[in-house]
Amino acid sequence: MGLGILAFRLVRKDAPQQAVGLMAAAGSFAALSTIFGSPVIGAVIIIEAAGLGGPTLPLVLLPGLLASGVGSLVFIGMGNWTGLSTSAYALTPFSLPTFSGPGWGDFGWTIVLAIAAALVVFVIVEIARWTTRVVSRRPFVFTTAAALVVGGLAIAFNQATDQPTDAVLFSGQDEFASVLKDASTLSLTTLGLLLVFKGAAWSISLGNFRGGPTFPALFLGLVGGLLAGHLPGFSETPAVAVLMGAGVVSILRLPLSSVVVALLLTSKAGLGVAPLIIVAVVAAYIATEVLSARRVPVAETAPAPGGEAAAAGTPPPAA
């Protein structure tokens, strides 16, 4: 931390105190991440130690942690009770090839793909906003029409690829395992069409307040990652990890949460993907903020996808 501040002072002697404090915090993040062997731990410690959540943070955090810990016993079990099965609905880490660590080329592809993911999600959200304005004029008629369009997209995907319609129709949560299992047999054309049809169906559904943003973003990140894994000098595991993190942060605008989700889902592949996930999330977040700032305001007759918070520029609920 001290070396970082010294180097910054040598480069910018007239640097404002706020910038120096930022460098000190960044150094603390790096030091704690090195000590504990995880970049996320450093971020969590600094957030709590610096009191960034204010005096209400413990009031919300402690009951929430206690509730989640006790609630997990329902599924983990205790004593002679084995607990309940979560296989029907809980996400488990994906079975991806082990990734030992990134190279320079991996970082290059990560930044490019993260910006591309932010652009794709931005377009999807804009279509969803437009859909909301259209549907709000005659909700009963246009909501039904939107459902028919989504169904038509699913049928068109099935006819074009001979693949099931579920991946297009639903959130994608139940299709993670099947897509990963069949990844080696799916052609690039099939993956590309799945990306297009799913993105279109998601944008229409999001504009009609049908379904949430998180699982579709993860699913598109998975499919896009399987496609990007064919890029020269880039492999499947980092591609999937990078695009899932970038996709989630582009729709939710919650950087730390996006990093944690992507890390957990790719944990079987090792911690080698962690630096790439973090770079992807940061790049996608910045790109999303830039795109949102350049967005031309449109007078809307109904709340934006995700409700009034989304219309104000804040992320929709992580459902």
# chains A, B, ... in the order shown; residues from 1 in each chain; ligands from 1

call {"tool": "residues_around", "arguments": {"residues": "Ser258 in chain A", "least_positions_apart": "6", "cutoff": "7 Å", "atoms": "only C-alpha atoms", "output": "PyMOL selection string"}}
result
chain A and resi 245+248-249

call {"tool": "atom_distance", "arguments": {"atom1": "CA of Val125 in chain A", "atom2": "CA of Val260 in chain A"}}
result
23.1 Å

call {"tool": "select_by_dssp", "arguments": {"residues": "range 163-309 of chain A", "states": "helix (DSSP H, G or I)", "output": "ChimeraX atom specification"}}
result
/A:166-169,173-181,188-207,214-228,236-252,255-265,267-269,271-293,308-309

call {"tool": "closest_residue", "arguments": {"among": "A:Leu61, A:Leu265, A:Leu206, A:Leu148", "to": "Ala177 in chain A", "atoms": "only C-alpha atoms"}}
result
A:Leu265

call {"tool": "atom_distance", "arguments": {"atom1": "CA of Leu96 in chain A", "atom2": "CA of Ile277 in chain A"}}
result
14.9 Å

call {"tool": "residues_around", "arguments": {"residues": "Ala269 in chain A", "least_positions_apart": "6", "cutoff": "12 Å", "atoms": "only C-alpha atoms", "output": "ChimeraX atom specification"}}
result
/A:93-101,236-238,240-241,262-263

call {"tool": "residues_around", "arguments": {"residues": "range 209-223 of chain A", "least_positions_apart": "3", "cutoff": "8 Å", "atoms": "only C-alpha atoms", "output": "PyMOL selection string"}}
result
chain A and resi 171-173+176+179+191+194-195+198-199+202+205-206+226-227+240-248+251-252+305-306+316-319

call {"tool": "write_last_selection", "arguments": {"atoms": "C-alpha atoms", "output": "PDB file, in the first residue's frame"}}
result
ATOM      1  CA  SER A 171     -35.022 -18.218 -17.784  1.00  0.00           C
ATOM      2  CA  GLY A 172     -32.292 -20.720 -18.626  1.00  0.00           C
ATOM      3  CA  GLN A 173     -31.724 -21.903 -15.061  1.00  0.00           C
ATOM      4  CA  PHE A 176     -27.362 -24.853 -17.811  1.00  0.00           C
ATOM      5  CA  VAL A 179     -26.101 -27.046 -22.608  1.00  0.00           C
ATOM      6  CA  LEU A 191     -24.915 -21.667 -30.330  1.00  0.00           C
ATOM      7  CA  LEU A 194     -29.475 -19.754 -29.418  1.00  0.00           C
ATOM      8  CA  LEU A 195     -27.763 -16.513 -28.422  1.00  0.00           C
ATOM      9  CA  LYS A 198     -32.751 -16.185 -26.420  1.00  0.00           C
ATOM     10  CA  GLY A 199     -31.667 -12.542 -26.384  1.00  0.00           C
ATOM     11  CA  TRP A 202     -35.519 -12.155 -23.043  1.00  0.00           C
ATOM     12  CA  SER A 205     -40.220 -10.834 -21.685  1.00  0.00           C
ATOM     13  CA  LEU A 206     -38.264  -8.293 -19.646  1.00  0.00           C
ATOM     14  CA  LEU A 226     -18.971 -21.562 -25.418  1.00  0.00           C
ATOM     15  CA  LEU A 227     -18.836 -19.594 -28.663  1.00  0.00           C
ATOM     16  CA  VAL A 240     -17.600 -18.733 -19.943  1.00  0.00           C
ATOM     17  CA  ALA A 241     -16.451 -17.171 -16.660  1.00  0.00           C
ATOM     18  CA  VAL A 242     -15.730 -13.796 -18.238  1.00  0.00           C
ATOM     19  CA  LEU A 243     -19.014 -13.492 -20.115  1.00  0.00           C
ATOM     20  CA  MET A 244     -21.155 -14.637 -17.196  1.00  0.00           C
ATOM     21  CA  GLY A 245     -19.620 -12.017 -14.923  1.00  0.00           C
ATOM     22  CA  ALA A 246     -19.841  -9.323 -17.601  1.00  0.00           C
ATOM     23  CA  GLY A 247     -23.435 -10.209 -18.455  1.00  0.00           C
ATOM     24  CA  VAL A 248     -24.646 -10.082 -14.862  1.00  0.00           C
ATOM     25  CA  ILE A 251     -27.866  -5.886 -16.220  1.00  0.00           C
ATOM     26  CA  LEU A 252     -27.642  -5.573 -12.407  1.00  0.00           C
ATOM     27  CA  PRO A 305     -38.184  -2.823 -17.305  1.00  0.00           C
ATOM     28  CA  GLY A 306     -37.454  -3.602 -13.688  1.00  0.00           C
ATOM     29  CA  PRO A 316     -33.592  -3.998 -11.401  1.00  0.00           C
ATOM     30  CA  PRO A 317     -34.156  -6.545  -8.638  1.00  0.00           C
ATOM     31  CA  ALA A 318     -31.930  -9.621  -8.873  1.00  0.00           C
ATOM     32  CA  ALA A 319     -34.710 -12.150  -9.413  1.00  0.00           C
TER      33      ALA A 319
END

call {"tool": "closest_residue", "arguments": {"among": "A:Pro63, A:Pro255, A:Gly69, A:Gly270", "to": "Pro102 in chain A", "atoms": "only C-alpha atoms"}}
result
A:Gly270
